[in-house]
Amino acid sequence: MTRPNIVFIMSDDHAAHAMSCYGSRINKTPNLDRIANEGMRYDNCFCTNAICAPSRATILTGLYNHLNGVQTLADKFDGSQPTVSKLLQQDGYQTAIIGKWHLGHGGSSDPTGFDYWSVLPGQGDYNNPTFIEMGTEKQYEGYVTDIITDHSIDWISKRDKDRPFFLMCHHKAPHRPWIPDAKHAHLYEDEVIPEPPTFDDDYSNRAAAAEAAIMRIDRDLKHRDLKADPPEGKTSRELKSWKYQRYIKDYLRCVASIDDNVGRLLDTLDAEGIADDTIVIYTSDQGFFLGDHGWFDKRFMYEESLRMPFIVRYPREIAPGSVQDAMALNVDFAPTFLDYAGLSVPEWMQGLSLRPLMKGELPEGWRTSMYYRYWMHLTEHGVYAHYGLRTHDYKLIYYYAEALGATGAIDDPKPPEWELFDLRRDSAEMRNVYSDPAYADTVRQLTDELHRLQLEVKDTPYVEAAR
C-alpha cells in the first residue's frame, strides 16, 4: 500500500464546544462533523501549554516547550532543530505549510523542512492579508480563511502525484478580534446564543488567579472586539449579556467560514480521487473560553482552555463514527505523522503515536495522566504562571506565580496556591477541594504523580528552580 497523504488543518482558538460533533449548544459545523462522522472524534485531547506559539512548536517537534525553546509568545522558534516536516521531507514526502505560522520570522525562525511555505506575518489580517511566501511578501485581496484554502487547494492540485504529501493548512480564524467575512456577517443576527452555565462565575472557592485574570466578558472586551458602543440604559448584567452576544456571534461567524472552507478542501480530495489515501486531521492550537467562567481567551489549565478539538478521517484504517476516550496530547501529533509515513519515531520525541488508538486499540500502559505548564506570568491577560496534572478523574494545579526568567513574563511574584478539582463531581471546576481533609490522600497521590511526570518530561519543579 502506498504511504498516506497527510492533511493537517489547524485553526486558532477554536474550542471543541463550538463544534456540533462535540455536542455544541451554540452552533452547527456540518463539514467538520463530516470528518468526525467518517472517522474518529477524540474526547480527551489536550494541549501541554494553552497558548498559540508554544502549542505550534510542540506540534512541529514532538517536544514539550522547555525543550523546544518556545515557552512563551515572545520566544522565537529555532528552525535548525529537528522537526516532523524535515523528517518527512527527507523521506520523500512533499511538504507545505500555508497560513498562520506565529513562530517568528527571519533567519532560523522562518519555516524549515517545507518545499513550499506561505505564511502570515505575526497574527496576520482577516481582510486583504499579506503573506510571506518563501521569503517574499505578497498581498492578496479577499478574506484570509478563503485565501488560505485557495492556496492549499492550488498546492494539492499542482503536487507530484507520484509522491505522498504533508500539508499543514493553518487558519488564522477564529482568533481575536473575530472579524467575519461578508458571507457570514449576518449569521445569528436574529438569534440569542445561549449563555454557558458558568457565565456568572464569581471566582469564589478558587485560587486568587481566577479572580485576577483580565479576560472577563463584562469588563475586558475592547471596542475593537465589540465593534459598537454599548447601549445606554442597561444594567451591568444586561450589558454583560449584550457584550457576550456581540463577541460570540462574531466568533461563530468566523467558525462558519472555517467550516465552509474545510468542506472545500474535503471536496478537493474527492475530486482528486485521493480521499481514501489521505489522513485528514482537524484541530486547534488549544481551546478557548466562550463565556465559560465569564471569560474569553485561554491560558488556564481549566478544561475549556486545555481541551483541543481533534477529529481524524482515514478510511483505510479508522472506523467511521468512532469515538476515542483515551488521552491524546499535542506532543503526540508528530510521532503519529511519522508512524503513518512508515518512519520510526526518534527516541528524543516525547510524544506517542496515536495510530493504535486510531484503530480502536488501547496499548497496555497508555497514559492516564498528563502534564501541563503555562509560563507567561501576568503577561497580557494577567494569568499566573502554573503547572499541573490532569487524570481522568482529577485535576491538580499549582500556581507558582513567578516569571522565573521566562521571556516576556512579568517579574511580579504572587503567593503560590494549589487547586484540586474532582472532575467526577465538579466537571465545571467551580469548587477547589485541595484543602478538604476528605481529599488528603488524593492530594498526596496526585502530587507524587505530578512530580513523576515532571521527571519523565524533564521539566524542573518550581521549588528546585527557585531555591
# chains A, B, ... in the order shown; residues from 1 in each chain; ligands from 1
>>> closest_atom_pairs(of="segment 267-361 of chain A", to="segment 379-392 of chain A", cutoff="12 Å", atoms="only C-alpha atoms", output="tab-separated table")
residue	atom	partner	partner_atom	distance
A:Trp295	CA	A:His381	CA	10.7
A:Phe296	CA	A:His381	CA	10.0
A:Asp297	CA	A:His381	CA	8.3
A:Lys298	CA	A:His381	CA	9.2
A:Arg299	CA	A:Val383	CA	7.1
A:Phe300	CA	A:Val383	CA	7.2
A:Met301	CA	A:Gly388	CA	7.6
A:Tyr302	CA	A:Arg390	CA	10.0
A:Glu303	CA	A:Arg390	CA	9.7
A:Leu306	CA	A:Arg390	CA	9.8
A:Arg307	CA	A:Arg390	CA	11.1
A:Asp325	CA	A:His392	CA	9.5
A:Ala326	CA	A:His392	CA	9.0
A:Met327	CA	A:His392	CA	8.4
A:Ala328	CA	A:His392	CA	11.9
A:Leu329	CA	A:Arg390	CA	11.7
>>> closest_atom_pairs(of="segment 287-349 of chain A", to="segment 93-98 of chain A", cutoff="12 Å", atoms="only C-alpha atoms", output="Markdown table")
| residue | atom | partner | partner_atom | distance |
| --- | --- | --- | --- | --- |
| A:Phe337 | CA | A:Tyr93 | CA | 11.3 |
| A:Leu338 | CA | A:Tyr93 | CA | 10.8 |
| A:Tyr340 | CA | A:Tyr93 | CA | 11.9 |
| A:Ala341 | CA | A:Tyr93 | CA | 8.6 |
| A:Gly342 | CA | A:Tyr93 | CA | 11.3 |
| A:Leu343 | CA | A:Tyr93 | CA | 11.4 |
>>> residues_around(residues="Ala271 of chain A", least_positions_apart="5", cutoff="12 Å", atoms="only C-alpha atoms", output="list of chain:residue names")
A:Ile153, A:Ile156, A:Ser157, A:Arg264, A:Leu265, A:Leu266, A:Asp276
>>> write_last_selection(atoms="all heavy atoms", output="CSV table (one decimal), in the first residue's frame")
chain,number,residue,atom,x,y,z
A,153,ILE,N,-5.6,24.3,-1.8
A,153,ILE,CA,-6.1,23.6,-2.9
A,153,ILE,C,-5.2,23.6,-4.1
A,153,ILE,O,-5.0,22.6,-4.8
A,153,ILE,CB,-7.6,24.1,-3.2
A,153,ILE,CG1,-8.5,23.7,-2.1
A,153,ILE,CG2,-8.1,23.5,-4.5
A,153,ILE,CD1,-9.9,24.3,-2.2
A,156,ILE,N,-2.2,21.4,-3.7
A,156,ILE,CA,-2.6,20.0,-3.8
A,156,ILE,C,-2.7,19.7,-5.3
A,156,ILE,O,-2.3,18.6,-5.8
A,156,ILE,CB,-3.9,19.7,-3.1
A,156,ILE,CG1,-3.6,19.7,-1.6
A,156,ILE,CG2,-4.4,18.3,-3.5
A,156,ILE,CD1,-4.9,19.5,-0.7
A,157,SER,N,-3.4,20.5,-6.1
A,157,SER,CA,-3.6,20.3,-7.5
A,157,SER,C,-2.3,20.2,-8.3
A,157,SER,O,-2.3,19.5,-9.3
A,157,SER,CB,-4.6,21.3,-8.1
A,157,SER,OG,-4.0,22.6,-8.1
A,264,ARG,N,-14.6,22.7,1.4
A,264,ARG,CA,-14.0,22.8,0.1
A,264,ARG,C,-12.8,21.9,-0.1
A,264,ARG,O,-12.5,21.3,-1.1
A,264,ARG,CB,-13.6,24.3,-0.2
A,264,ARG,CG,-14.7,25.3,-0.3
A,264,ARG,CD,-14.2,26.7,-0.4
A,264,ARG,NE,-13.3,26.8,-1.6
A,264,ARG,CZ,-12.2,27.6,-1.6
A,264,ARG,NH1,-12.0,28.4,-0.5
A,264,ARG,NH2,-11.5,27.7,-2.7
A,265,LEU,N,-12.0,21.9,1.0
A,265,LEU,CA,-10.8,21.0,1.0
A,265,LEU,C,-11.1,19.5,0.9
A,265,LEU,O,-10.5,18.8,0.2
A,265,LEU,CB,-9.9,21.3,2.2
A,265,LEU,CG,-8.5,21.0,2.2
A,265,LEU,CD1,-7.8,21.6,1.0
A,265,LEU,CD2,-7.8,21.6,3.5
A,266,LEU,N,-12.1,19.1,1.6
A,266,LEU,CA,-12.6,17.7,1.5
A,266,LEU,C,-13.1,17.4,0.1
A,266,LEU,O,-12.8,16.3,-0.4
A,266,LEU,CB,-13.7,17.5,2.6
A,266,LEU,CG,-13.3,17.5,4.0
A,266,LEU,CD1,-14.5,17.3,4.9
A,266,LEU,CD2,-12.2,16.6,4.4
A,276,ASP,N,-9.4,8.4,0.0
A,276,ASP,CA,-9.2,7.1,0.7
A,276,ASP,C,-7.7,7.0,1.1
A,276,ASP,O,-7.4,6.2,2.1
A,276,ASP,CB,-9.6,5.9,-0.1
A,276,ASP,CG,-11.1,5.7,-0.2
A,276,ASP,OD1,-11.8,6.4,0.5
A,276,ASP,OD2,-11.5,5.0,-1.1
>>> residues_around(residues="Leu446 of chain A", least_positions_apart="5", cutoff="12 Å", atoms="only C-alpha atoms", output="PyMOL selection string")
chain A and resi 368-371+388-398+418-422+434+439-441+451-453
>>> select_by_dssp(residues="segment 69-175 of chain A", states="strand (DSSP E)", output="ChimeraX atom specification")
/A:94-100,116-120,130-133,136-139,165-170
>>> closest_atom_pairs(of="segment 226-326 of chain A", to="segment 5-10 of chain A", cutoff="6 Å", atoms="only C-alpha atoms", output="JSON lines")
{"residue": "A:Thr278", "atom": "CA", "partner": "A:Asn5", "partner_atom": "CA", "distance": 4.5}
{"residue": "A:Ile279", "atom": "CA", "partner": "A:Ile6", "partner_atom": "CA", "distance": 4.8}
{"residue": "A:Val280", "atom": "CA", "partner": "A:Val7", "partner_atom": "CA", "distance": 4.9}
{"residue": "A:Ile281", "atom": "CA", "partner": "A:Phe8", "partner_atom": "CA", "distance": 4.9}
{"residue": "A:Tyr282", "atom": "CA", "partner": "A:Ile9", "partner_atom": "CA", "distance": 4.8}
{"residue": "A:Thr283", "atom": "CA", "partner": "A:Met10", "partner_atom": "CA", "distance": 4.9}
{"residue": "A:Ser284", "atom": "CA", "partner": "A:Met10", "partner_atom": "CA", "distance": 4.9}
>>> write_last_selection(atoms="N, CA, C and O atoms", output="mmCIF file, in the first residue's frame")
data_model
loop_
_atom_site.group_PDB
_atom_site.id
_atom_site.type_symbol
_atom_site.label_atom_id
_atom_site.label_comp_id
_atom_site.auth_asym_id
_atom_site.auth_seq_id
_atom_site.Cartn_x
_atom_site.Cartn_y
_atom_site.Cartn_z
ATOM 1 N N THR A 278 -5.764 9.547 2.097
ATOM 2 C CA THR A 278 -5.343 10.778 2.778
ATOM 3 C C THR A 278 -5.879 10.814 4.204
ATOM 4 O O THR A 278 -7.086 10.666 4.432
ATOM 5 N N ILE A 279 -4.967 11.006 5.152
ATOM 6 C CA ILE A 279 -5.351 11.260 6.544
ATOM 7 C C ILE A 279 -5.715 12.730 6.654
ATOM 8 O O ILE A 279 -4.912 13.605 6.320
ATOM 9 N N VAL A 280 -6.920 13.022 7.116
ATOM 10 C CA VAL A 280 -7.358 14.403 7.328
ATOM 11 C C VAL A 280 -7.560 14.616 8.817
ATOM 12 O O VAL A 280 -8.312 13.871 9.467
ATOM 13 N N ILE A 281 -6.870 15.603 9.349
ATOM 14 C CA ILE A 281 -6.973 15.934 10.770
ATOM 15 C C ILE A 281 -7.464 17.373 10.891
ATOM 16 O O ILE A 281 -7.009 18.258 10.165
ATOM 17 N N TYR A 282 -8.409 17.588 11.808
ATOM 18 C CA TYR A 282 -8.783 18.961 12.151
ATOM 19 C C TYR A 282 -8.597 19.134 13.650
ATOM 20 O O TYR A 282 -9.049 18.308 14.447
ATOM 21 N N THR A 283 -7.925 20.238 14.001
ATOM 22 C CA THR A 283 -7.705 20.549 15.406
ATOM 23 C C THR A 283 -7.564 22.057 15.563
ATOM 24 O O THR A 283 -7.730 22.821 14.611
ATOM 25 N N SER A 284 -7.292 22.482 16.773
ATOM 26 C CA SER A 284 -6.966 23.875 17.064
ATOM 27 C C SER A 284 -5.738 23.894 17.950
ATOM 28 O O SER A 284 -5.394 22.870 18.552
#
>>> residues_around(residues="segment 359-363 of chain A", least_positions_apart="4", cutoff="7 Å", atoms="only C-alpha atoms", output="ChimeraX atom specification")
/A:317-318,355
>>> write_last_selection(atoms="all heavy atoms", output="compact mmCIF listing (two decimals), in the first residue's frame")
# COMPACT_ATOMS: atom_id res chain seq x y z
N GLU A 317 -8.12 2.95 7.60
CA GLU A 317 -7.74 2.43 8.92
C GLU A 317 -8.67 2.82 10.06
O GLU A 317 -8.70 2.15 11.09
CB GLU A 317 -6.31 2.88 9.23
CG GLU A 317 -5.64 2.07 10.33
CD GLU A 317 -4.13 2.21 10.31
OE1 GLU A 317 -3.48 1.73 9.35
OE2 GLU A 317 -3.60 2.79 11.26
N ILE A 318 -9.44 3.90 9.90
CA ILE A 318 -10.26 4.39 11.00
C ILE A 318 -11.73 4.10 10.72
O ILE A 318 -12.26 4.47 9.67
CB ILE A 318 -10.05 5.90 11.21
CG1 ILE A 318 -8.58 6.20 11.55
CG2 ILE A 318 -10.96 6.42 12.32
CD1 ILE A 318 -8.26 7.68 11.63
N ARG A 355 -1.55 6.12 16.45
CA ARG A 355 -2.06 5.19 15.45
C ARG A 355 -2.80 3.99 16.07
O ARG A 355 -3.87 3.61 15.56
CB ARG A 355 -0.92 4.70 14.55
CG ARG A 355 -1.42 3.90 13.36
CD ARG A 355 -0.30 3.60 12.39
NE ARG A 355 -0.80 2.92 11.20
CZ ARG A 355 -0.04 2.56 10.17
NH1 ARG A 355 1.26 2.83 10.18
NH2 ARG A 355 -0.58 1.96 9.12
>>> residues_around(residues="segment 190-196 of chain A", least_positions_apart="4", cutoff="9 Å", atoms="only C-alpha atoms", output="CSV table (one decimal) with C-alpha atoms, in the first residue's frame")
chain,number,residue,atom,x,y,z
A,25,ARG,CA,-25.2,24.1,22.2
A,26,ILE,CA,-24.4,27.2,20.2
A,27,ASN,CA,-23.6,26.3,16.6
A,186,HIS,CA,-25.4,38.5,9.5
A,200,ASP,CA,-21.8,34.3,36.2
A,241,SER,CA,-25.2,39.7,28.1
A,244,TYR,CA,-21.4,38.3,25.1
A,245,GLN,CA,-23.8,38.3,22.1
A,248,ILE,CA,-19.8,35.1,20.5
A,249,LYS,CA,-21.7,35.8,17.3
A,290,LEU,CA,-16.6,31.0,25.2
A,291,GLY,CA,-18.1,32.9,28.1
A,292,ASP,CA,-17.3,30.0,30.3
A,293,HIS,CA,-16.5,31.4,33.8
A,294,GLY,CA,-17.4,34.8,32.3
>>> select_by_dssp(residues="segment 65-170 of chain A", states="helix (DSSP H, G or I)", output="list in words")
Asn65, His66, Leu67, Asn68, Val84, Ser85, Lys86, Leu87, Leu88, Gln89, Gln90, Gly107, Ser108, Ser109, Val144, Thr145, Asp146, Ile147, Ile148, Thr149, Asp150, His151, Ser152, Ile153, Asp154, Trp155, Ile156 and Ser157 of chain A
>>> write_last_selection(atoms="C-alpha atoms", output="PDB file, in the first residue's frame")
ATOM      1  CA  ASN A  65       8.156  23.659  25.464  1.00  0.00           C
ATOM      2  CA  HIS A  66      11.031  23.660  27.944  1.00  0.00           C
ATOM      3  CA  LEU A  67      12.911  21.507  25.412  1.00  0.00           C
ATOM      4  CA  ASN A  68      11.814  23.020  22.078  1.00  0.00           C
ATOM      5  CA  VAL A  84       8.454  16.413  11.753  1.00  0.00           C
ATOM      6  CA  SER A  85       8.354  18.328   8.462  1.00  0.00           C
ATOM      7  CA  LYS A  86      12.109  17.844   7.981  1.00  0.00           C
ATOM      8  CA  LEU A  87      11.892  14.121   8.701  1.00  0.00           C
ATOM      9  CA  LEU A  88       9.012  13.642   6.285  1.00  0.00           C
ATOM     10  CA  GLN A  89      10.692  15.776   3.623  1.00  0.00           C
ATOM     11  CA  GLN A  90      13.919  13.797   3.926  1.00  0.00           C
ATOM     12  CA  GLY A 107      16.706  33.684   9.720  1.00  0.00           C
ATOM     13  CA  SER A 108      16.226  30.376  11.504  1.00  0.00           C
ATOM     14  CA  SER A 109      12.694  31.300  12.597  1.00  0.00           C
ATOM     15  CA  VAL A 144      -7.994  35.202   4.959  1.00  0.00           C
ATOM     16  CA  THR A 145      -9.767  31.864   5.517  1.00  0.00           C
ATOM     17  CA  ASP A 146     -10.753  31.675   1.849  1.00  0.00           C
ATOM     18  CA  ILE A 147      -7.244  32.616   0.683  1.00  0.00           C
ATOM     19  CA  ILE A 148      -5.509  30.028   2.883  1.00  0.00           C
ATOM     20  CA  THR A 149      -7.854  27.385   1.499  1.00  0.00           C
ATOM     21  CA  ASP A 150      -7.388  28.598  -2.097  1.00  0.00           C
ATOM     22  CA  HIS A 151      -3.619  28.294  -1.755  1.00  0.00           C
ATOM     23  CA  SER A 152      -3.906  24.861  -0.124  1.00  0.00           C
ATOM     24  CA  ILE A 153      -6.144  23.566  -2.899  1.00  0.00           C
ATOM     25  CA  ASP A 154      -3.842  25.030  -5.534  1.00  0.00           C
ATOM     26  CA  TRP A 155      -0.803  23.357  -3.958  1.00  0.00           C
ATOM     27  CA  ILE A 156      -2.580  19.982  -3.838  1.00  0.00           C
ATOM     28  CA  SER A 157      -3.622  20.269  -7.479  1.00  0.00           C
TER      29      SER A 157
END
>>> closest_residue(among="A:Lys172, A:Arg219, A:Arg56, A:Lys161", to="Asn127 of chain A", atoms="only C-alpha atoms")
A:Lys172
>>> closest_residue(among="A:Asp220, A:Asp250, A:Glu429, A:Asp225", to="Ala182 of chain A", atoms="only C-alpha atoms")
A:Asp250
>>> residues_around(residues="Ile59 of chain A", least_positions_apart="3", cutoff="10 Å", atoms="only C-alpha atoms", output="PyMOL selection string")
chain A and resi 47+53-56+62-64+83-84+285+329-335+351
>>> atom_distance(atom1="atom CA of Pro180 of chain A", atom2="atom CA of Leu226 of chain A")
12.4 Å
>>> decode(residues="segment 91-127 of chain A", atoms="C-alpha atoms", output="compact mmCIF listing (two decimals), in the first residue's frame")
# COMPACT_ATOMS: atom_id res chain seq x y z
CA ASP A 91 11.98 10.59 3.38
CA GLY A 92 10.32 11.66 0.15
CA TYR A 93 7.20 13.48 1.28
CA GLN A 94 6.23 16.73 -0.44
CA THR A 95 5.73 19.25 2.35
CA ALA A 96 3.96 22.59 2.63
CA ILE A 97 2.68 24.97 5.28
CA ILE A 98 0.09 27.61 4.37
CA GLY A 99 -1.48 30.13 6.73
CA LYS A 100 -0.62 31.07 10.29
CA TRP A 101 2.91 30.34 11.48
CA HIS A 102 3.32 32.61 14.52
CA LEU A 103 6.76 31.34 15.46
CA GLY A 104 8.84 34.35 14.41
CA HIS A 105 10.23 35.44 11.05
CA GLY A 106 13.64 35.88 9.53
CA GLY A 107 16.71 33.68 9.72
CA SER A 108 16.23 30.38 11.50
CA SER A 109 12.69 31.30 12.60
CA ASP A 110 11.32 31.01 9.06
CA PRO A 111 9.60 27.68 8.29
CA THR A 112 12.08 24.89 7.56
CA GLY A 113 11.51 21.41 6.22
CA PHE A 114 8.87 22.63 3.77
CA ASP A 115 9.15 22.52 0.00
CA TYR A 116 6.67 25.39 -0.07
CA TRP A 117 5.63 27.84 2.58
CA SER A 118 3.35 30.85 2.52
CA VAL A 119 2.60 32.20 5.99
CA LEU A 120 1.02 35.18 7.66
CA PRO A 121 3.38 37.59 9.43
CA GLY A 122 2.53 37.54 13.13
CA GLN A 123 -1.20 37.24 13.66
CA GLY A 124 -1.98 38.32 10.11
CA ASP A 125 -5.03 40.26 8.91
CA TYR A 126 -8.54 38.99 8.29
CA ASN A 127 -9.08 41.08 5.16
